[in-house]
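Structure first, then comments.
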Amino acid sequence: ERLERVERWLHQIEQEDSMSKYDVVIKKIEPVKVASIRGVVPTPPDQGSMWQELMGYLNQQKARMIGTPMAIYHDGEFQERDWDIEVCMPIVDEMTPDKRLKVYNLPGFETVACVVHAGPFVTIGEAYDAVAKWIGENGYHIVGPWRELNLRPPEPPGNQNDLNTLNEIQFPVEKT
């Protein structure tokens, strides 16, 4: 299996003028209790109001937040407008949901293709391209909505050009 991975990697190097700056890894992710708000926004950068709403509610309820905030993209493929996005914050306590806030156990996955993007949101498409290419070249297919974890959110919040932003992109996958 290792030899096969090395051969695929060498083949990728031969196919490209330069190596990808992204290393894709396969890992397992565990279920986690989250509070979330889901909605449709024109484009991903427009999800800021959903984050403000979620964080306002959690702060008002004095919720104990743990883990990494994330956005879940429910559309099956890239689109120009009207993105179905769910913003989630892992929590410890039980909470009473309201008409917009949902509290549930976000399922885990046995096999997730992951890549880390260091840099501004305006260049995150490069990471998505790299992981999508890797998934296809390595005999996998996507089996659920993908997640974008904000390991180091931009400062100030919503800044699409913060060079210090760090995100992990996770695609649940299965072998074809």
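Ordered as shown in the structure tokens, chains take letters A, B, and onward, while each chain numbers its residues from 1 and ligands are numbered from 1 in the order shown.
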
Exercise. Can you tell me, as an NGL selection string, what residues are no more than 12 Å from stretch 43-47 of chain A when counting only C-alpha atoms, ignoring any on the same chain fewer than 5 positions away?
Worked result: :A and (37-38 or 52-54 or 70-75 or 78-88 or 120-122 or 124-125 or 148 or 154 or 157-161)

C-alpha atoms of the current selection, written as a PDB file, in the first residue's frame:
ATOM      1  CA  ILE A  37     -27.517  27.658  12.242  1.00  0.00           C
ATOM      2  CA  ARG A  38     -28.172  26.724   8.616  1.00  0.00           C
ATOM      3  CA  GLN A  52     -22.864  36.594  14.417  1.00  0.00           C
ATOM      4  CA  GLU A  53     -26.291  35.116  15.095  1.00  0.00           C
ATOM      5  CA  LEU A  54     -24.872  31.794  16.339  1.00  0.00           C
ATOM      6  CA  MET A  70     -16.711  24.971  11.324  1.00  0.00           C
ATOM      7  CA  ALA A  71     -18.890  25.559   8.308  1.00  0.00           C
ATOM      8  CA  ILE A  72     -20.598  22.642   6.589  1.00  0.00           C
ATOM      9  CA  TYR A  73     -21.296  22.999   2.875  1.00  0.00           C
ATOM     10  CA  HIS A  74     -24.420  21.048   1.973  1.00  0.00           C
ATOM     11  CA  ASP A  75     -24.405  21.684  -1.783  1.00  0.00           C
ATOM     12  CA  PHE A  78     -19.521  24.313  -6.602  1.00  0.00           C
ATOM     13  CA  GLN A  79     -22.050  26.903  -7.634  1.00  0.00           C
ATOM     14  CA  GLU A  80     -21.936  30.597  -8.378  1.00  0.00           C
ATOM     15  CA  ARG A  81     -24.701  31.724  -5.993  1.00  0.00           C
ATOM     16  CA  ASP A  82     -27.050  30.585  -3.221  1.00  0.00           C
ATOM     17  CA  TRP A  83     -24.849  28.363  -1.073  1.00  0.00           C
ATOM     18  CA  ASP A  84     -26.506  26.080   1.515  1.00  0.00           C
ATOM     19  CA  ILE A  85     -24.188  26.528   4.518  1.00  0.00           C
ATOM     20  CA  GLU A  86     -24.426  25.476   8.155  1.00  0.00           C
ATOM     21  CA  VAL A  87     -22.222  27.237  10.713  1.00  0.00           C
ATOM     22  CA  CYS A  88     -21.407  25.081  13.750  1.00  0.00           C
ATOM     23  CA  PRO A 120      -6.261  34.211   3.215  1.00  0.00           C
ATOM     24  CA  PHE A 121      -9.741  32.980   2.324  1.00  0.00           C
ATOM     25  CA  VAL A 122      -9.364  34.573  -1.114  1.00  0.00           C
ATOM     26  CA  ILE A 124      -8.650  28.850  -0.329  1.00  0.00           C
ATOM     27  CA  GLY A 125      -9.899  27.648  -3.718  1.00  0.00           C
ATOM     28  CA  GLU A 148     -14.265  23.769   6.674  1.00  0.00           C
ATOM     29  CA  PRO A 154      -9.256  35.775  10.358  1.00  0.00           C
ATOM     30  CA  PRO A 157     -13.742  38.298  11.714  1.00  0.00           C
ATOM     31  CA  GLY A 158     -14.800  38.146   8.080  1.00  0.00           C
ATOM     32  CA  ASN A 159     -11.497  39.509   6.738  1.00  0.00           C
ATOM     33  CA  GLN A 160     -11.015  37.586   3.481  1.00  0.00           C
ATOM     34  CA  ASN A 161      -7.393  38.782   3.132  1.00  0.00           C
TER      35      ASN A 161
END

For this session: Select from stretch 53-110 of chain A everything DSSP, run on the backbone, classes as alpha helix (DSSP H), then give the selection as a PyMOL selection string.
Result: chain A and resi 53-60

Exercise. Nearest to A:Pro69: which of A:Lys33, A:Lys28, A:His141, A:Arg2 is it, counting only C-alpha atoms?
Worked result: A:Lys33

Can you tell me, as a CSV table (one decimal) with all heavy atoms, in the first residue's frame, what residues are no more than 10 Å from A:Ile29 when counting only C-alpha atoms, ignoring any on the same chain fewer than 5 positions away?
chain,number,residue,atom,x,y,z
A,107,PRO,N,-22.4,13.8,13.0
A,107,PRO,CA,-21.8,12.5,12.9
A,107,PRO,C,-20.3,12.6,12.5
A,107,PRO,O,-19.9,13.5,11.8
A,107,PRO,CB,-22.6,11.8,11.8
A,107,PRO,CG,-23.2,12.9,11.0
A,107,PRO,CD,-23.4,14.1,12.0
A,108,GLY,N,-19.6,11.5,12.9
A,108,GLY,CA,-18.2,11.4,12.4
A,108,GLY,C,-18.2,10.6,11.1
A,108,GLY,O,-19.2,10.1,10.6
A,109,PHE,N,-17.0,10.4,10.6
A,109,PHE,CA,-16.7,9.6,9.4
A,109,PHE,C,-15.5,8.8,9.6
A,109,PHE,O,-14.5,9.2,10.2
A,109,PHE,CB,-16.6,10.5,8.2
A,109,PHE,CG,-17.8,11.2,7.7
A,109,PHE,CD1,-18.2,12.4,8.1
A,109,PHE,CD2,-18.7,10.5,6.9
A,109,PHE,CE1,-19.3,13.0,7.6
A,109,PHE,CE2,-19.9,11.0,6.5
A,109,PHE,CZ,-20.2,12.3,6.8
A,110,GLU,N,-15.5,7.6,9.1
A,110,GLU,CA,-14.3,6.7,9.1
A,110,GLU,C,-13.2,7.2,8.2
A,110,GLU,O,-12.0,7.0,8.6
A,110,GLU,CB,-14.7,5.3,8.7
A,110,GLU,CG,-15.5,4.5,9.8
A,110,GLU,CD,-14.8,4.3,11.1
A,110,GLU,OE1,-13.6,3.9,11.0
A,110,GLU,OE2,-15.4,4.5,12.1
A,111,THR,N,-13.6,7.7,7.1
A,111,THR,CA,-12.5,8.1,6.1
A,111,THR,C,-12.8,9.5,5.6
A,111,THR,O,-13.9,9.7,4.9
A,111,THR,CB,-12.5,7.1,4.9
A,111,THR,OG1,-12.5,5.8,5.4
A,111,THR,CG2,-11.3,7.3,4.0
A,112,VAL,N,-11.9,10.4,5.9
A,112,VAL,CA,-12.1,11.8,5.5
A,112,VAL,C,-10.8,12.3,4.8
A,112,VAL,O,-9.7,12.1,5.4
A,112,VAL,CB,-12.4,12.7,6.7
A,112,VAL,CG1,-12.5,14.2,6.3
A,112,VAL,CG2,-13.6,12.3,7.4
A,170,GLN,N,-12.3,19.3,5.0
A,170,GLN,CA,-12.5,17.8,5.2
A,170,GLN,C,-13.6,17.3,4.3
A,170,GLN,O,-14.7,17.9,4.3
A,170,GLN,CB,-13.0,17.5,6.6
A,170,GLN,CG,-12.0,18.0,7.7
A,170,GLN,CD,-12.5,17.7,9.1
A,170,GLN,OE1,-13.7,17.6,9.3
A,170,GLN,NE2,-11.6,17.6,10.0
A,172,PRO,N,-15.7,13.9,3.4
A,172,PRO,CA,-15.9,12.5,3.7
A,172,PRO,C,-15.9,11.7,2.4
A,172,PRO,O,-16.5,12.1,1.4
A,172,PRO,CB,-17.3,12.4,4.3
A,172,PRO,CG,-17.9,13.7,4.0
A,172,PRO,CD,-16.9,14.7,3.7

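When only C-alpha atoms are used to measure the gap to A:Met95, the shortest distance among A:Arg147, A:Ala63, A:Leu163, A:Asn138 belongs to A:Ala63.
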
For this session: Would you please extract all strand (DSSP E) residues from stretch 2-130 of chain A, as assigned by DSSP on the backbone, and give them as a ChimeraX atom specification?
Result: /A:25-29,32-41,70-73,83-90,101-106,109-118

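The coordinates place atom CA of A:Cys114 at 16.2 Å from atom CA of A:Pro31.
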